[in-house]
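Structure file protein.pdb (PDB, C-alpha atoms and all ligand atoms) is printed below.
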ATOM      1  CA  MET B  19      70.438  45.351  93.203
ATOM      2  CA  LYS B  20      67.514  44.280  91.107
ATOM      3  CA  THR B  21      65.100  41.393  91.558
ATOM      4  CA  ILE B  22      63.252  39.837  88.668
ATOM      5  CA  SER B  23      60.525  37.210  88.710
ATOM      6  CA  ILE B  24      60.174  34.509  86.121
ATOM      7  CA  THR B  25      56.689  33.160  85.632
ATOM      8  CA  ILE B  26      55.601  30.307  83.415
ATOM      9  CA  PRO B  27      52.301  30.019  81.588
ATOM     10  CA  LEU B  28      50.432  26.858  82.522
ATOM     11  CA  THR B  29      46.957  25.712  81.511
ATOM     12  CA  ILE B  30      44.998  23.160  83.509
ATOM     13  CA  LYS B  31      42.665  21.100  81.365
ATOM     14  CA  GLU B  32      39.991  18.599  82.233
ATOM     15  CA  ASP B  33      39.838  15.272  80.389
ATOM     16  CA  CYS B  34      36.916  16.479  78.285
ATOM     17  CA  GLU B  35      38.936  19.497  77.109
ATOM     18  CA  LEU B  36      41.628  17.399  75.431
ATOM     19  CA  SER B  37      41.765  17.226  71.639
ATOM     20  CA  SER B  38      41.514  13.755  70.092
ATOM     21  CA  ASN B  39      45.298  13.711  69.494
ATOM     22  CA  GLU B  40      45.956  14.728  73.089
ATOM     23  CA  ARG B  41      43.566  12.066  74.367
ATOM     24  CA  LEU B  42      45.262   9.380  72.295
ATOM     25  CA  LEU B  43      48.668  10.458  73.573
ATOM     26  CA  LEU B  44      47.409  10.357  77.154
ATOM     27  CA  GLU B  45      46.107   6.831  76.662
ATOM     28  CA  GLU B  46      49.501   5.799  75.265
ATOM     29  CA  ALA B  47      51.291   7.339  78.266
ATOM     30  CA  GLN B  48      48.936   5.541  80.639
ATOM     31  CA  GLN B  49      49.506   2.236  78.839
ATOM     32  CA  ALA B  50      53.255   2.793  79.007
ATOM     33  CA  THR B  51      53.125   2.902  82.824
ATOM     34  CA  PHE B  52      52.254  -0.810  82.670
ATOM     35  CA  ARG B  53      55.525  -1.487  80.824
ATOM     36  CA  SER B  54      57.601   0.269  83.475
ATOM     37  CA  TYR B  55      60.320  -1.760  85.204
ATOM     38  CA  ALA B  56      60.298  -0.330  88.710
ATOM     39  CA  PRO B  57      61.043  -3.097  91.209
ATOM     40  CA  TYR B  58      62.831  -0.662  93.550
ATOM     41  CA  SER B  59      60.655   2.434  93.668
ATOM     42  CA  HIS B  60      57.382   0.771  92.645
ATOM     43  CA  PHE B  61      56.662   4.089  90.959
ATOM     44  CA  SER B  62      55.593   3.501  87.369
ATOM     45  CA  VAL B  63      56.007   6.323  84.900
ATOM     46  CA  GLY B  64      54.892   6.334  81.276
ATOM     47  CA  ALA B  65      55.787   8.868  78.613
ATOM     48  CA  ALA B  66      54.327   9.157  75.130
ATOM     49  CA  VAL B  67      55.784  11.347  72.429
ATOM     50  CA  GLU B  68      53.926  12.513  69.316
ATOM     51  CA  LEU B  69      56.145  13.241  66.338
ATOM     52  CA  ALA B  70      55.488  15.785  63.586
ATOM     53  CA  ASP B  71      54.193  13.083  61.233
ATOM     54  CA  GLY B  72      51.812  11.712  63.885
ATOM     55  CA  THR B  73      53.934   8.739  64.899
ATOM     56  CA  ILE B  74      53.673   7.960  68.609
ATOM     57  CA  VAL B  75      56.626   6.604  70.562
ATOM     58  CA  THR B  76      56.413   5.564  74.198
ATOM     59  CA  GLY B  77      58.818   4.909  77.028
ATOM     60  CA  SER B  78      58.677   3.945  80.679
ATOM     61  CA  ASN B  79      61.083   4.145  83.581
ATOM     62  CA  GLN B  80      63.632   1.342  83.613
ATOM     63  CA  GLU B  81      65.302   0.821  86.964
ATOM     64  CA  ASN B  82      68.499  -0.979  87.857
ATOM     65  CA  ALA B  83      69.939  -2.604  90.988
ATOM     66  CA  ALA B  84      72.726  -0.042  90.580
ATOM     67  CA  TYR B  85      70.197   2.767  91.015
ATOM     68  CA  PRO B  86      71.804   5.555  88.922
ATOM     69  CA  SER B  87      72.022   3.206  85.936
ATOM     70  CA  GLY B  88      68.248   3.307  85.514
ATOM     71  CA  LEU B  89      66.501   5.812  83.272
ATOM     72  CA  CYS B  90      63.342   7.908  83.544
ATOM     73  CA  ALA B  91      60.389   7.342  81.243
ATOM     74  CA  GLU B  92      60.808  10.710  79.530
ATOM     75  CA  ARG B  93      64.405  10.147  78.462
ATOM     76  CA  THR B  94      63.658   6.557  77.451
ATOM     77  CA  ALA B  95      60.933   7.899  75.142
ATOM     78  CA  ILE B  96      62.747  10.945  73.762
ATOM     79  CA  PHE B  97      66.009   9.105  73.100
ATOM     80  CA  TYR B  98      64.143   6.319  71.356
ATOM     81  CA  ALA B  99      62.170   8.839  69.284
ATOM     82  CA  ASN B 100      65.320  10.750  68.282
ATOM     83  CA  SER B 101      67.307   7.617  67.486
ATOM     84  CA  ARG B 102      64.549   5.830  65.577
ATOM     85  CA  TYR B 103      63.171   8.932  63.801
ATOM     86  CA  PRO B 104      66.081  11.407  63.629
ATOM     87  CA  ASP B 105      64.326  13.622  61.063
ATOM     88  CA  GLN B 106      61.031  13.964  62.920
ATOM     89  CA  ALA B 107      60.478  16.905  65.238
ATOM     90  CA  VAL B 108      58.718  16.142  68.503
ATOM     91  CA  LYS B 109      55.369  17.872  68.741
ATOM     92  CA  ARG B 110      53.969  16.804  72.081
ATOM     93  CA  LEU B 111      54.879  14.783  75.168
ATOM     94  CA  CYS B 112      52.486  13.308  77.713
ATOM     95  CA  ILE B 113      53.517  11.908  81.103
ATOM     96  CA  ALA B 114      51.469   9.736  83.445
ATOM     97  CA  ALA B 115      52.485   7.939  86.636
ATOM     98  CA  ARG B 116      51.106   5.355  89.020
ATOM     99  CA  ASP B 117      52.136   5.066  92.645
ATOM    100  CA  THR B 118      53.043   2.034  94.763
ATOM    101  CA  ASN B 119      49.331   1.147  95.034
ATOM    102  CA  GLY B 120      49.017   1.133  91.262
ATOM    103  CA  SER B 121      46.808   4.244  91.244
ATOM    104  CA  TYR B 122      47.272   7.225  88.971
ATOM    105  CA  LEU B 123      48.442  10.212  90.938
ATOM    106  CA  ASP B 124      46.204  13.106  91.882
ATOM    107  CA  LYS B 125      48.994  15.597  91.211
ATOM    108  CA  PRO B 126      50.840  15.898  87.927
ATOM    109  CA  ILE B 127      54.341  14.436  87.802
ATOM    110  CA  PRO B 128      56.764  16.906  86.276
ATOM    111  CA  PRO B 129      59.871  15.660  84.470
ATOM    112  CA  CYS B 130      63.061  15.694  86.557
ATOM    113  CA  GLY B 131      65.802  18.223  85.836
ATOM    114  CA  ALA B 132      67.919  15.842  83.761
ATOM    115  CA  CYS B 133      64.907  14.948  81.599
ATOM    116  CA  ARG B 134      64.064  18.622  81.101
ATOM    117  CA  GLN B 135      67.600  19.225  79.855
ATOM    118  CA  ALA B 136      67.383  16.260  77.441
ATOM    119  CA  LEU B 137      63.961  17.408  76.234
ATOM    120  CA  LEU B 138      65.267  20.945  75.727
ATOM    121  CA  GLU B 139      68.002  19.592  73.457
ATOM    122  CA  THR B 140      65.355  17.974  71.241
ATOM    123  CA  GLU B 141      63.279  21.157  71.210
ATOM    124  CA  CYS B 142      66.330  23.205  70.142
ATOM    125  CA  ARG B 143      67.519  20.547  67.691
ATOM    126  CA  PHE B 144      64.341  20.801  65.634
ATOM    127  CA  GLY B 145      63.524  24.424  66.442
ATOM    128  CA  LYS B 146      59.945  23.452  67.330
ATOM    129  CA  ASP B 147      58.225  23.840  70.676
ATOM    130  CA  ILE B 148      57.297  20.614  72.428
ATOM    131  CA  GLU B 149      53.949  20.837  74.199
ATOM    132  CA  VAL B 150      53.929  18.965  77.509
ATOM    133  CA  LEU B 151      50.891  17.340  79.102
ATOM    134  CA  LEU B 152      51.232  16.219  82.721
ATOM    135  CA  TYR B 153      48.414  13.901  83.668
ATOM    136  CA  SER B 154      46.764  13.654  87.081
ATOM    137  CA  THR B 155      43.348  12.410  88.158
ATOM    138  CA  LYS B 156      42.462  15.987  89.127
ATOM    139  CA  GLY B 157      43.432  17.685  85.881
ATOM    140  CA  ILE B 158      46.022  17.833  83.165
ATOM    141  CA  TYR B 159      48.719  20.499  83.167
ATOM    142  CA  SER B 160      49.460  21.768  79.692
ATOM    143  CA  ILE B 161      52.723  23.633  79.096
ATOM    144  CA  LYS B 162      53.492  25.068  75.672
ATOM    145  CA  SER B 163      57.234  24.523  75.579
ATOM    146  CA  ILE B 164      60.120  22.812  77.374
ATOM    147  CA  LYS B 165      61.687  26.277  77.713
ATOM    148  CA  ASP B 166      58.822  27.168  80.034
ATOM    149  CA  LEU B 167      59.683  24.174  82.197
ATOM    150  CA  LEU B 168      63.355  25.087  82.316
ATOM    151  CA  PRO B 169      63.884  28.813  82.735
ATOM    152  CA  LEU B 170      67.509  30.028  82.757
ATOM    153  CA  SER B 171      68.463  26.954  80.789
ATOM    154  CA  PHE B 172      71.851  26.067  79.370
ATOM    155  CA  ASP B 173      71.916  25.406  75.642
ATOM    156  CA  LYS B 174      74.250  25.518  72.678
ATOM    157  CA  SER B 175      74.072  29.319  72.481
ATOM    158  CA  PHE B 176      76.594  29.453  75.346
ATOM    159  CA  LEU B 177      79.151  27.273  73.578
TER     160      LEU B 177
HETATM  161  N1  LIG L   1      60.888   8.879  87.232
HETATM  162  C1  LIG L   1      60.551   9.021  85.920
HETATM  163  O1  LIG L   1      60.560   8.064  85.146
HETATM  164  N2  LIG L   1      60.207  10.260  85.506
HETATM  165  C2  LIG L   1      60.106  11.356  86.307
HETATM  166  O2  LIG L   1      59.762  12.417  85.825
HETATM  167  C3  LIG L   1      60.399  11.246  87.728
HETATM  168  C4  LIG L   1      60.930   9.958  88.181
HETATM  169  C5  LIG L   1      61.226   7.532  87.688
HETATM  170  C6  LIG L   1      62.656   7.303  88.041
HETATM  171  C7  LIG L   1      62.549   6.156  89.013
HETATM  172  O3  LIG L   1      62.478   4.948  88.274
HETATM  173  C8  LIG L   1      61.212   6.370  89.691
HETATM  174  O4  LIG L   1      60.491   7.255  88.851
HETATM  175  C9  LIG L   1      61.316   6.976  91.080
HETATM  176  O5  LIG L   1      62.085   8.112  91.086
END

So, in terms of structure tokens, how does the structure I just supplied come out?
Ligand code: THU
Amino acid sequence: MKTISITIPLTIKEDCELSSNERLLLEEAQQATFRSYAPYSHFSVGAAVELADGTIVTGSNQENAAYPSGLCAERTAIFYANSRYPDQAVKRLCIAARDTNGSYLDKPIPPCGACRQALLETECRFGKDIEVLLYSTKGIYSIKSIKDLLPLSFDKSFL
């Protein structure tokens, strides 16, 4: 028997340590939380995606009375980016969330498993790492690649 450990590199940045592009993307993700449709969870998530040419695309969670028919902010944003700009690689993704009181969270919200899988597909599709920024009021997690967020992932290499 053999045990292995998988670790992921993660940087925690303060607001003042963000580049101007990162700051802009964060502001877009924050703005997107206000366009969330979350009458059931009252949990508003915003995602902003920066494409290779600098274009920014945003998405927010869109809920449904038939709960599973709703979609997370991250997939709303990435699917829109890929369908509207199919030739543009995705460079960076920023996620922000507000709770039922309308306040930004003090711990970073990571993308759910299904969103990680969808994001991985985009990363593989363009062969370019997607940097992820997870906003919280106490710091911003910066992860270099979706692969880091989804170790032991399933991709086309198995097919
Ligand atoms: N949600 C997202 O949009 N992104 C995440 O990463 C986690 C969860 C949404 C789905 C649902 O509308 C609400 O947050 C509560 O789960």

Give the residue list for ligand LIG 1 (chain L) at 7 Å, counting all atoms listed in the file, as a list in words, sorted by chain and then by residue number.
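Taking all atoms listed in the file into account, the residues around ligand LIG 1 (chain L) at most 7 Å away are Ala56, Ser59, Phe61, Ser62, Val63, Ser78, Asn79, Gln80, Glu81, Gly88, Leu89, Cys90, Ala91, Glu92, Ile127, Pro128, Pro129 and Cys130 of chain B.
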
Hey, can you spit out that residue selection with C-alpha atoms as a short mmCIF file (atom, residue, chain, number, x, y, z; two decimals), in the frame of the given file?
data_model
loop_
_atom_site.label_atom_id
_atom_site.label_comp_id
_atom_site.auth_asym_id
_atom_site.auth_seq_id
_atom_site.Cartn_x
_atom_site.Cartn_y
_atom_site.Cartn_z
CA ALA B 56 60.30 -0.33 88.71
CA SER B 59 60.66 2.43 93.67
CA PHE B 61 56.66 4.09 90.96
CA SER B 62 55.59 3.50 87.37
CA VAL B 63 56.01 6.32 84.90
CA SER B 78 58.68 3.94 80.68
CA ASN B 79 61.08 4.14 83.58
CA GLN B 80 63.63 1.34 83.61
CA GLU B 81 65.30 0.82 86.96
CA GLY B 88 68.25 3.31 85.51
CA LEU B 89 66.50 5.81 83.27
CA CYS B 90 63.34 7.91 83.54
CA ALA B 91 60.39 7.34 81.24
CA GLU B 92 60.81 10.71 79.53
CA ILE B 127 54.34 14.44 87.80
CA PRO B 128 56.76 16.91 86.28
CA PRO B 129 59.87 15.66 84.47
CA CYS B 130 63.06 15.69 86.56
#

Close residues, Ala115 in chain B itself excluded, 9 Å, all atoms listed in the file, min 4 positions apart in chain, as a list in words:
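The contact residues come out as Ala47, Gln48, Thr51, Phe61, Ser62, Val63, Gly64, Ala65, Gly120, Ser121, Tyr122, Leu123, Pro126, Ile127, Tyr153 and Ser154 of chain B.
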
Could you write out as a list in words the residues that the PyMOL selection byres (((chain B and resi 136-140) around 9) and not hetatm) matches in the shown file?
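Evaluating the PyMOL selection byres (((chain B and resi 136-140) around 9) and not hetatm) on this file yields Glu92, Arg93, Ile96, Phe97, Asn100, Ala107, Val108, Gly131, Ala132, Cys133, Arg134, Gln135, Glu141, Cys142, Arg143, Phe144, Gly145, Lys146, Ile148, Ser163, Ile164, Lys165, Leu168, Ser171, Asp173 and Lys174 of chain B.
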
Interatomic distance between CA of Lys162 in chain B and CA of Ser23 in chain B?
19.2 Å

Reference answer for the PyMOL selection byres (((chain B and resi 42) around 12) and not hetatm), as an MDAnalysis selection string:
chainID B and resid 33 36:41 43:49 66:68 72:76 110:112 151

Could you write out the selected residues, including C-alpha atoms, as a PDB file, in the coordinates of the input?
ATOM      1  CA  ASP B  33      39.838  15.272  80.389  1.00  0.00           C
ATOM      2  CA  LEU B  36      41.628  17.399  75.431  1.00  0.00           C
ATOM      3  CA  SER B  37      41.765  17.226  71.639  1.00  0.00           C
ATOM      4  CA  SER B  38      41.514  13.755  70.092  1.00  0.00           C
ATOM      5  CA  ASN B  39      45.298  13.711  69.494  1.00  0.00           C
ATOM      6  CA  GLU B  40      45.956  14.728  73.089  1.00  0.00           C
ATOM      7  CA  ARG B  41      43.566  12.066  74.367  1.00  0.00           C
ATOM      8  CA  LEU B  43      48.668  10.458  73.573  1.00  0.00           C
ATOM      9  CA  LEU B  44      47.409  10.357  77.154  1.00  0.00           C
ATOM     10  CA  GLU B  45      46.107   6.831  76.662  1.00  0.00           C
ATOM     11  CA  GLU B  46      49.501   5.799  75.265  1.00  0.00           C
ATOM     12  CA  ALA B  47      51.291   7.339  78.266  1.00  0.00           C
ATOM     13  CA  GLN B  48      48.936   5.541  80.639  1.00  0.00           C
ATOM     14  CA  GLN B  49      49.506   2.236  78.839  1.00  0.00           C
ATOM     15  CA  ALA B  66      54.327   9.157  75.130  1.00  0.00           C
ATOM     16  CA  VAL B  67      55.784  11.347  72.429  1.00  0.00           C
ATOM     17  CA  GLU B  68      53.926  12.513  69.316  1.00  0.00           C
ATOM     18  CA  GLY B  72      51.812  11.712  63.885  1.00  0.00           C
ATOM     19  CA  THR B  73      53.934   8.739  64.899  1.00  0.00           C
ATOM     20  CA  ILE B  74      53.673   7.960  68.609  1.00  0.00           C
ATOM     21  CA  VAL B  75      56.626   6.604  70.562  1.00  0.00           C
ATOM     22  CA  THR B  76      56.413   5.564  74.198  1.00  0.00           C
ATOM     23  CA  ARG B 110      53.969  16.804  72.081  1.00  0.00           C
ATOM     24  CA  LEU B 111      54.879  14.783  75.168  1.00  0.00           C
ATOM     25  CA  CYS B 112      52.486  13.308  77.713  1.00  0.00           C
ATOM     26  CA  LEU B 151      50.891  17.340  79.102  1.00  0.00           C
TER      27      LEU B 151
END

Under the rule that all atoms listed in the file are counted, which of B:Thr29, B:Ser101, B:Thr21, B:Thr118 is the nearest residue to Pro57 in chain B?
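Once distances to Pro57 in chain B are computed over all atoms listed in the file, the minimum belongs to B:Thr118.
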
Let me have the centre and edge lengths of the axis-aligned box enclosing all listed atoms of range 42-55 of chain B with 8 Å padding on every side, in Å to one decimal, as lines of an AutoDock Vina configuration file.
center_x = 52.8
center_y = 4.3
center_z = 78.7
size_x = 31.1
size_y = 28.2
size_z = 28.9

Could you check the closest approach to Glu149 in chain B for each of B:Lys109, B:Ile30, B:Thr94, B:Ala50 and tell me which residue wins, using only C-alpha atoms?
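Of B:Lys109, B:Ile30, B:Thr94, B:Ala50, the one nearest Glu149 in chain B, counting only C-alpha atoms, is B:Lys109.
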